[in-house]
file final.txt (compact mmCIF, C-alpha atoms)
# COMPACT_ATOMS: atom_id res chain seq x y z
CA MET W 1 50.74 -51.19 -25.29
CA SER W 2 47.01 -51.33 -25.91
CA SER W 3 44.80 -53.59 -23.83
CA CYS W 4 43.78 -55.53 -26.96
CA VAL W 5 47.42 -56.31 -27.83
CA ALA W 6 48.17 -57.30 -24.24
CA TRP W 7 45.10 -59.53 -24.15
CA GLY W 8 46.16 -61.19 -27.42
CA GLN W 9 49.64 -61.86 -26.10
CA GLU W 10 48.21 -63.33 -22.91
CA GLU W 11 45.95 -65.63 -24.93
CA THR W 12 48.94 -66.77 -27.02
CA ARG W 13 50.90 -67.57 -23.85
CA ASN W 14 47.96 -69.52 -22.46
CA VAL W 15 47.71 -71.58 -25.66
CA ARG W 16 51.42 -72.30 -25.60
CA ASP W 17 51.30 -73.30 -21.94
CA ALA W 18 48.37 -75.62 -22.57
CA ASP W 19 50.17 -77.17 -25.54
CA ARG W 20 53.30 -77.79 -23.44
CA GLU W 21 51.20 -79.41 -20.72
CA ARG W 22 49.45 -81.61 -23.28
CA ARG W 23 52.77 -82.76 -24.76
CA ALA W 24 54.19 -83.45 -21.30
CA ALA W 25 51.11 -85.51 -20.46
CA LEU W 26 51.50 -87.42 -23.75
CA ARG W 27 55.12 -88.18 -22.90
CA HIS W 28 54.33 -89.52 -19.44
CA PHE W 29 51.32 -91.49 -20.65
CA LEU W 30 53.21 -93.32 -23.42
CA ARG W 31 56.12 -94.08 -21.11
CA SER W 32 53.80 -95.52 -18.46
CA ARG W 33 51.93 -97.69 -20.99
CA ARG W 34 55.21 -98.97 -22.43
CA ALA W 35 56.65 -99.70 -18.97
CA ARG W 36 53.78 -101.99 -17.98
CA LEU W 37 54.41 -104.43 -20.85
CA SER W 38 57.06 -107.09 -21.15
CA PRO W 39 58.33 -108.53 -24.43
CA GLY W 40 56.57 -111.77 -23.62
CA ASP W 41 53.26 -109.94 -23.30
CA VAL W 42 53.40 -108.93 -26.97
CA GLY W 43 55.00 -112.07 -28.40
CA LEU W 44 58.59 -110.80 -28.59
CA ARG W 45 61.58 -112.93 -27.63
CA VAL W 46 63.60 -111.66 -24.68
CA GLY W 47 67.28 -111.25 -25.56
CA GLY W 48 70.07 -109.77 -23.49
CA ARG W 49 69.98 -107.89 -20.25
CA ARG W 50 67.35 -105.20 -19.78
CA ASN W 51 68.17 -102.29 -17.49
CA THR W 52 64.63 -100.90 -17.35
CA PRO W 53 61.24 -102.63 -17.08
CA GLY W 54 58.81 -102.76 -19.94
CA LEU W 55 59.20 -102.54 -23.69
CA ARG W 56 61.86 -100.49 -25.39
CA ARG W 57 60.89 -97.69 -27.73
CA GLU W 58 62.33 -99.63 -30.65
CA GLU W 59 60.12 -102.60 -29.82
CA VAL W 60 56.98 -100.47 -29.71
CA ALA W 61 57.99 -98.96 -33.06
CA VAL W 62 58.34 -102.42 -34.61
CA LEU W 63 54.97 -103.52 -33.26
CA ALA W 64 53.32 -100.33 -34.57
CA GLY W 65 55.06 -100.47 -37.95
CA VAL W 66 56.71 -97.05 -37.62
CA SER W 67 60.34 -95.96 -37.48
CA ALA W 68 62.08 -95.91 -34.12
CA SER W 69 62.93 -92.24 -34.62
CA TRP W 70 59.32 -91.30 -35.30
CA TYR W 71 58.01 -93.14 -32.23
CA THR W 72 60.75 -91.55 -30.10
CA TRP W 73 59.67 -88.11 -31.30
CA LEU W 74 56.04 -88.95 -30.52
CA GLU W 75 56.91 -90.10 -27.02
CA GLN W 76 59.05 -87.01 -26.49
CA GLY W 77 56.06 -84.86 -27.36
CA ARG W 78 57.67 -83.22 -30.35
CA ASP W 79 55.62 -81.19 -32.82
CA ILE W 80 55.18 -83.84 -35.52
CA LYS W 81 52.32 -84.76 -37.83
CA VAL W 82 50.28 -87.64 -36.45
CA SER W 83 47.73 -89.59 -38.47
CA GLU W 84 44.78 -91.61 -37.21
CA ASP W 85 46.23 -94.80 -38.73
CA VAL W 86 49.49 -94.40 -36.82
CA LEU W 87 47.75 -93.63 -33.53
CA GLU W 88 45.60 -96.70 -34.06
CA ALA W 89 48.72 -98.80 -34.64
CA VAL W 90 50.40 -97.40 -31.52
CA SER W 91 47.23 -98.10 -29.51
CA LYS W 92 47.26 -101.73 -30.60
CA ALA W 93 51.00 -102.08 -29.99
CA LEU W 94 50.60 -100.85 -26.42
CA GLY W 95 47.43 -102.86 -25.81
CA LEU W 96 45.37 -99.80 -24.90
CA ASP W 97 41.76 -100.27 -23.90
CA ARG W 98 38.92 -98.06 -25.16
CA THR W 99 39.41 -95.34 -22.54
CA GLU W 100 43.19 -95.29 -22.91
CA ARG W 101 42.90 -95.16 -26.69
CA ALA W 102 40.61 -92.12 -26.55
CA HIS W 103 43.01 -90.51 -24.06
CA LEU W 104 45.94 -91.02 -26.44
CA TYR W 105 44.06 -89.38 -29.31
CA LEU W 106 43.20 -86.34 -27.20
CA LEU W 107 46.76 -85.97 -25.91
CA ALA W 108 47.99 -86.14 -29.52
CA GLY W 109 45.63 -83.29 -30.41
CA MET W 110 43.09 -85.36 -32.33
CA ASN W 111 39.48 -86.33 -31.77
CA PRO W 112 39.15 -90.03 -30.99
CA PRO W 113 37.14 -91.97 -33.58
CA ALA W 114 33.64 -92.92 -32.50
CA ALA W 115 33.82 -96.66 -32.01
CA ARG W 116 30.78 -98.87 -31.65
CA GLN W 117 30.47 -100.36 -28.20
CA ASP W 118 27.45 -102.47 -27.46
CA MET W 119 25.73 -101.62 -24.21
CA SER W 120 25.83 -104.29 -21.55
CA SER W 121 22.63 -105.64 -20.01
CA GLU W 122 23.67 -104.09 -16.68
CA GLU W 123 24.05 -100.65 -18.26
CA LEU W 124 20.66 -100.94 -19.94
CA CYS W 125 19.03 -101.97 -16.65
CA ARG W 126 20.49 -98.94 -14.90
CA LEU W 127 19.33 -96.61 -17.67
CA ARG W 128 15.85 -98.10 -17.48
CA LEU W 129 15.87 -97.42 -13.75
CA ALA W 130 17.00 -93.83 -14.41
CA VAL W 131 14.11 -93.11 -16.79
CA GLU W 132 11.62 -94.72 -14.40
CA VAL W 133 12.68 -92.65 -11.40
CA TRP W 134 12.60 -89.51 -13.57
CA GLN W 135 8.78 -89.64 -13.44
CA PRO W 136 6.49 -87.74 -13.52
CA ALA W 137 8.57 -86.03 -16.22
CA PRO W 138 9.28 -87.81 -19.54
CA ALA W 139 12.55 -89.61 -20.17
CA PHE W 140 13.76 -92.18 -22.67
CA VAL W 141 16.97 -93.73 -24.07
CA VAL W 142 18.01 -94.13 -27.71
CA ASP W 143 20.98 -95.67 -29.51
CA ARG W 144 23.10 -93.96 -32.16
CA TYR W 145 20.29 -94.27 -34.75
CA TRP W 146 17.70 -93.03 -32.24
CA ASN W 147 16.12 -96.45 -31.86
CA VAL W 148 14.26 -96.45 -28.55
CA LEU W 149 15.93 -98.64 -25.92
CA ALA W 150 13.88 -97.62 -22.87
CA SER W 151 11.15 -95.12 -22.02
CA ASN W 152 8.92 -94.21 -19.10
CA ALA W 153 5.14 -93.83 -19.13
CA PRO W 154 5.14 -89.99 -19.40
CA ALA W 155 7.42 -90.18 -22.45
CA ARG W 156 4.97 -92.49 -24.14
CA ALA W 157 1.82 -90.62 -23.07
CA ILE W 158 2.98 -87.00 -23.40
CA LEU W 159 5.64 -87.14 -26.13
CA GLY W 160 4.30 -90.05 -28.14
CA VAL W 161 7.49 -92.09 -27.77
CA GLN W 162 6.70 -95.56 -29.00
CA ALA W 163 7.74 -98.88 -27.50
CA SER W 164 11.32 -100.12 -27.32
CA GLY W 165 12.56 -101.25 -30.70
CA SER W 166 10.88 -98.41 -32.59
CA ASN W 167 12.80 -95.49 -34.10
CA TYR W 168 12.06 -92.12 -32.53
CA LEU W 169 12.66 -90.12 -35.72
CA TRP W 170 10.56 -92.52 -37.79
CA SER W 171 7.58 -92.28 -35.44
CA PHE W 172 7.92 -88.50 -35.10
CA PHE W 173 7.67 -87.97 -38.87
CA THR W 174 5.24 -90.74 -39.78
CA ASP W 175 2.75 -90.60 -36.87
CA GLY W 176 0.19 -87.94 -37.84
CA ARG W 177 -0.82 -87.43 -34.21
CA ASN W 178 2.44 -85.58 -33.58
CA ARG W 179 1.15 -82.64 -35.62
CA ASN W 180 -1.41 -81.99 -32.91
CA ARG W 181 0.87 -83.07 -30.07
CA TYR W 182 3.50 -80.40 -30.85
CA PRO W 183 2.14 -76.85 -31.36
CA HIS W 184 5.44 -75.86 -33.00
CA TRP W 185 5.88 -79.11 -34.90
CA LEU W 186 8.03 -77.67 -37.70
CA ASP W 187 10.48 -76.07 -35.27
CA GLU W 188 10.78 -79.34 -33.38
CA ALA W 189 11.19 -81.29 -36.62
CA SER W 190 13.97 -78.94 -37.78
CA ARG W 191 15.78 -79.37 -34.48
CA LEU W 192 15.57 -83.16 -34.55
CA VAL W 193 16.81 -83.42 -38.14
CA GLY W 194 19.69 -81.03 -37.39
CA GLN W 195 20.69 -83.06 -34.34
CA PHE W 196 20.47 -86.29 -36.30
CA ARG W 197 22.71 -84.80 -39.02
CA VAL W 198 25.36 -83.98 -36.40
CA GLN W 199 25.06 -87.51 -35.02
CA ALA W 200 25.49 -89.01 -38.50
CA VAL W 201 28.68 -87.00 -39.09
CA ARG W 202 30.16 -88.54 -35.94
CA PHE W 203 29.82 -91.94 -37.64
CA LEU W 204 30.83 -91.20 -41.23
CA ASP W 205 32.00 -94.78 -41.73
CA ASP W 206 28.60 -96.21 -40.75
CA PRO W 207 26.41 -96.65 -43.87
CA ASP W 208 23.31 -97.37 -41.77
CA PHE W 209 22.83 -93.65 -41.19
CA GLU W 210 22.52 -93.01 -44.91
CA ARG W 211 20.14 -95.95 -45.29
CA LEU W 212 17.93 -94.64 -42.49
CA ALA W 213 17.96 -91.14 -43.99
CA ARG W 214 16.89 -92.52 -47.39
CA ARG W 215 14.04 -94.47 -45.79
CA LEU W 216 12.88 -91.40 -43.91
CA CYS W 217 13.05 -89.28 -47.07
CA SER W 218 10.85 -91.83 -48.84
CA ALA W 219 8.38 -91.98 -45.96
CA SER W 220 8.13 -88.24 -45.17
CA LYS W 221 8.27 -85.28 -47.52
CA ASP W 222 8.85 -83.05 -44.50
CA PHE W 223 11.93 -85.00 -43.49
CA GLU W 224 13.15 -85.01 -47.09
CA ARG W 225 12.84 -81.22 -47.30
CA LEU W 226 14.55 -80.62 -43.95
CA TRP W 227 17.31 -83.14 -44.68
CA ALA W 228 18.07 -81.37 -47.97
CA ARG W 229 18.78 -78.13 -46.09
CA HIS W 230 21.84 -79.72 -44.48
CA GLU W 231 21.32 -77.74 -41.28
CA THR W 232 23.02 -78.79 -38.06
CA ARG W 233 21.85 -78.46 -34.47
CA ASP W 234 24.34 -79.53 -31.85
CA THR W 235 22.65 -78.10 -28.80
CA GLY W 236 22.20 -80.38 -25.82
CA ILE W 237 19.33 -78.33 -24.34
CA ALA W 238 16.16 -77.06 -26.00
CA THR W 239 12.65 -76.03 -24.92
CA VAL W 240 9.80 -78.16 -26.23
CA GLU W 241 6.10 -77.33 -26.00
CA VAL W 242 3.50 -80.09 -26.20
CA ARG W 243 -0.23 -80.61 -25.83
CA PRO W 244 -0.60 -83.56 -23.43
CA ALA W 245 -4.40 -83.43 -23.84
CA PRO W 246 -6.95 -81.31 -25.75
CA GLY W 247 -7.01 -77.79 -24.30
CA ARG W 248 -3.87 -78.31 -22.21
CA ARG W 249 -0.31 -77.20 -22.80
CA ALA W 250 2.99 -78.17 -21.20
CA ALA W 251 6.59 -77.13 -21.79
CA PHE W 252 9.81 -78.95 -21.02
CA HIS W 253 13.51 -78.27 -21.18
CA HIS W 254 14.87 -81.18 -23.23
CA MET W 255 18.40 -82.29 -22.30
CA VAL W 256 20.41 -84.78 -24.37
CA MET W 257 22.98 -86.57 -22.24
CA GLY W 258 25.48 -89.34 -22.93
CA LEU W 259 27.62 -91.71 -20.94
CA HIS W 260 31.18 -90.64 -20.21
CA GLN W 261 33.30 -90.45 -23.41
CA ARG W 262 30.73 -92.48 -25.36
CA PRO W 263 28.69 -91.30 -28.34
CA GLU W 264 25.87 -93.69 -27.48
CA PRO W 265 23.44 -94.41 -25.91
CA LEU W 266 21.75 -91.02 -25.50
CA LEU W 267 19.62 -90.23 -22.48
CA MET W 268 16.73 -87.87 -23.27
CA LEU W 269 15.59 -86.07 -20.13
CA TYR W 270 12.74 -83.54 -19.88
CA LEU W 271 12.43 -80.92 -17.14
CA PRO W 272 9.11 -79.05 -16.64
CA ALA W 273 9.34 -75.43 -17.81
CA GLN W 274 7.10 -72.39 -17.61
CA ILE W 275 5.14 -71.29 -20.68
CA ALA W 276 5.11 -67.51 -21.12
CA GLY W 277 1.75 -66.15 -19.98
CA ASP W 278 0.53 -69.55 -18.83
CA ARG W 279 1.11 -72.14 -16.15
CA VAL W 280 2.35 -75.56 -17.14
CA GLY W 281 -0.48 -78.04 -16.87

call {"tool": "encode", "arguments": {"input": "final.txt", "output": "structure tokens"}}
result
Amino acid sequence: MSSCVAWGQEETRNVRDADRERRAALRHFLRSRRARLSPGDVGLRVGGRRNTPGLRREEVAVLAGVSASWYTWLEQGRDIKVSEDVLEAVSKALGLDRTERAHLYLLAGMNPPAARQDMSSEELCRLRLAVEVWQPAPAFVVDRYWNVLASNAPARAILGVQASGSNYLWSFFTDGRNRNRYPHWLDEASRLVGQFRVQAVRFLDDPDFERLARRLCSASKDFERLWARHETRDTGIATVEVRPAPGRRAAFHHMVMGLHQRPEPLLMLYLPAQIAGDRVG
């Protein structure tokens, strides 16, 4: 047997093992969520003697609007077709919170939908603290539309990030000073538009992305041309070169980070990098 064939068989076994583990985890998760609820918790009348705690499978099926057989197969981890609508109904029937709902989707082999969750004032305060202590390097925070929520002084002075409430993409394409600020402005512009396109696809049911794109197309011919290319950039790390002052150059590794299992807000962190043939100033 050739090494390539053996490697392929090993990969197939690994995939099958991972699939079995995922289905086993789905089975245990659904059982545990069902066991923690009583009929009274979900507005059902208690009738007869119950030998086990929690809801019965048939009761979950009724609450979710699916057949008892189908829900039983789901809980058993069988290889059945699962739709987003049904998973949403099961999530509501079991009273899953945001984290549990995302966990159910992943165990069922689907990507959880990106739901809007407003950031608490405590979270925003902690993110503001994070960007402040990141000094002397730039750092700022944006929401799903890249509206600036917080920024430190280096981000404003070196990168031209405007005050909270402004839109980072809008200022990048409409502020003429950025042409001089970024020696490779077109490369940076292409990257930003590609990243924004990927972000917009994560929220296909949000019309505000299309509205913002139309406004940017009207305000900037460069954005309009780049947007028409339909290019995507889903990298979380890139190198950015800037001119912080006339005659000076600086380079940074730009990292895009998010909170755990949340598509927003995005934390933009910059790490000083070396410019080839030059020292970062």

call {"tool": "atom_distance", "arguments": {"input": "final.txt", "atom1": "CA of Ser32 in chain W", "atom2": "CA of Arg56 in chain W"}}
result
11.7 Å

call {"tool": "closest_atom_pairs", "arguments": {"input": "final.txt", "of": "range 198-238 of chain W", "to": "range 160-176 of chain W", "cutoff": "7 Å", "atoms": "only C-alpha atoms", "output": "tab-separated table"}}
result
residue	atom	partner	partner_atom	distance
W:Leu216	CA	W:Trp170	CA	6.6
W:Ser220	CA	W:Phe173	CA	6.3
W:Phe223	CA	W:Phe173	CA	7.0

call {"tool": "atom_distance", "arguments": {"input": "final.txt", "atom1": "CA of Arg243 in chain W", "atom2": "CA of Arg181 in chain W"}}
result
5.0 Å

call {"tool": "residues_around", "arguments": {"input": "final.txt", "residues": "Val198 in chain W", "least_positions_apart": "6", "cutoff": "7 Å", "atoms": "all atoms listed in the file", "output": "list of chain:residue names"}}
result
W:Thr232, W:Arg233, W:Asp234

call {"tool": "atom_distance", "arguments": {"input": "final.txt", "atom1": "CA of Tyr270 in chain W", "atom2": "CA of Gly247 in chain W"}}
result
21.0 Å

call {"tool": "axis_aligned_box", "arguments": {"input": "final.txt", "around": "range 77-93 of chain W", "padding_each_side": "6 Å", "output": "JSON"}}
result
{"center_x": 51.2, "center_y": -91.6, "center_z": -33.0, "size_x": 24.9, "size_y": 32.9, "size_z": 23.4}

call {"tool": "closest_residue", "arguments": {"input": "final.txt", "among": "W:Gly236, W:Asp41, W:Arg101, W:Pro138", "to": "Ala89 in chain W", "atoms": "all atoms listed in the file"}}
result
W:Arg101

call {"tool": "closest_residue", "arguments": {"input": "final.txt", "among": "W:Ser69, W:Ser121, W:Asn152, W:Ala139", "to": "Met255 in chain W", "atoms": "all atoms listed in the file"}}
result
W:Ala139

call {"tool": "residues_around", "arguments": {"input": "final.txt", "residues": "Leu149 in chain W", "least_positions_apart": "6", "cutoff": "8 Å", "atoms": "all atoms listed in the file", "output": "PyMOL selection string"}}
result
chain W and resi 124+140-143+164-165

call {"tool": "closest_residue", "arguments": {"input": "final.txt", "among": "W:Asp208, W:Glu59, W:Asp17, W:Glu231", "to": "Val46 in chain W", "atoms": "only C-alpha atoms"}}
result
W:Glu59

call {"tool": "residues_near_point", "arguments": {"input": "final.txt", "point": "(15.5, -84.2, -17.7)", "cutoff": "10 Å", "atoms": "only C-alpha atoms", "output": "ChimeraX atom specification"}}
result
/W:131,134-135,137-140,237,252-257,267-272

call {"tool": "closest_residue", "arguments": {"input": "final.txt", "among": "W:Lys81, W:Arg179, W:Arg34, W:His184", "to": "Ala251 in chain W", "atoms": "all atoms listed in the file"}}
result
W:His184
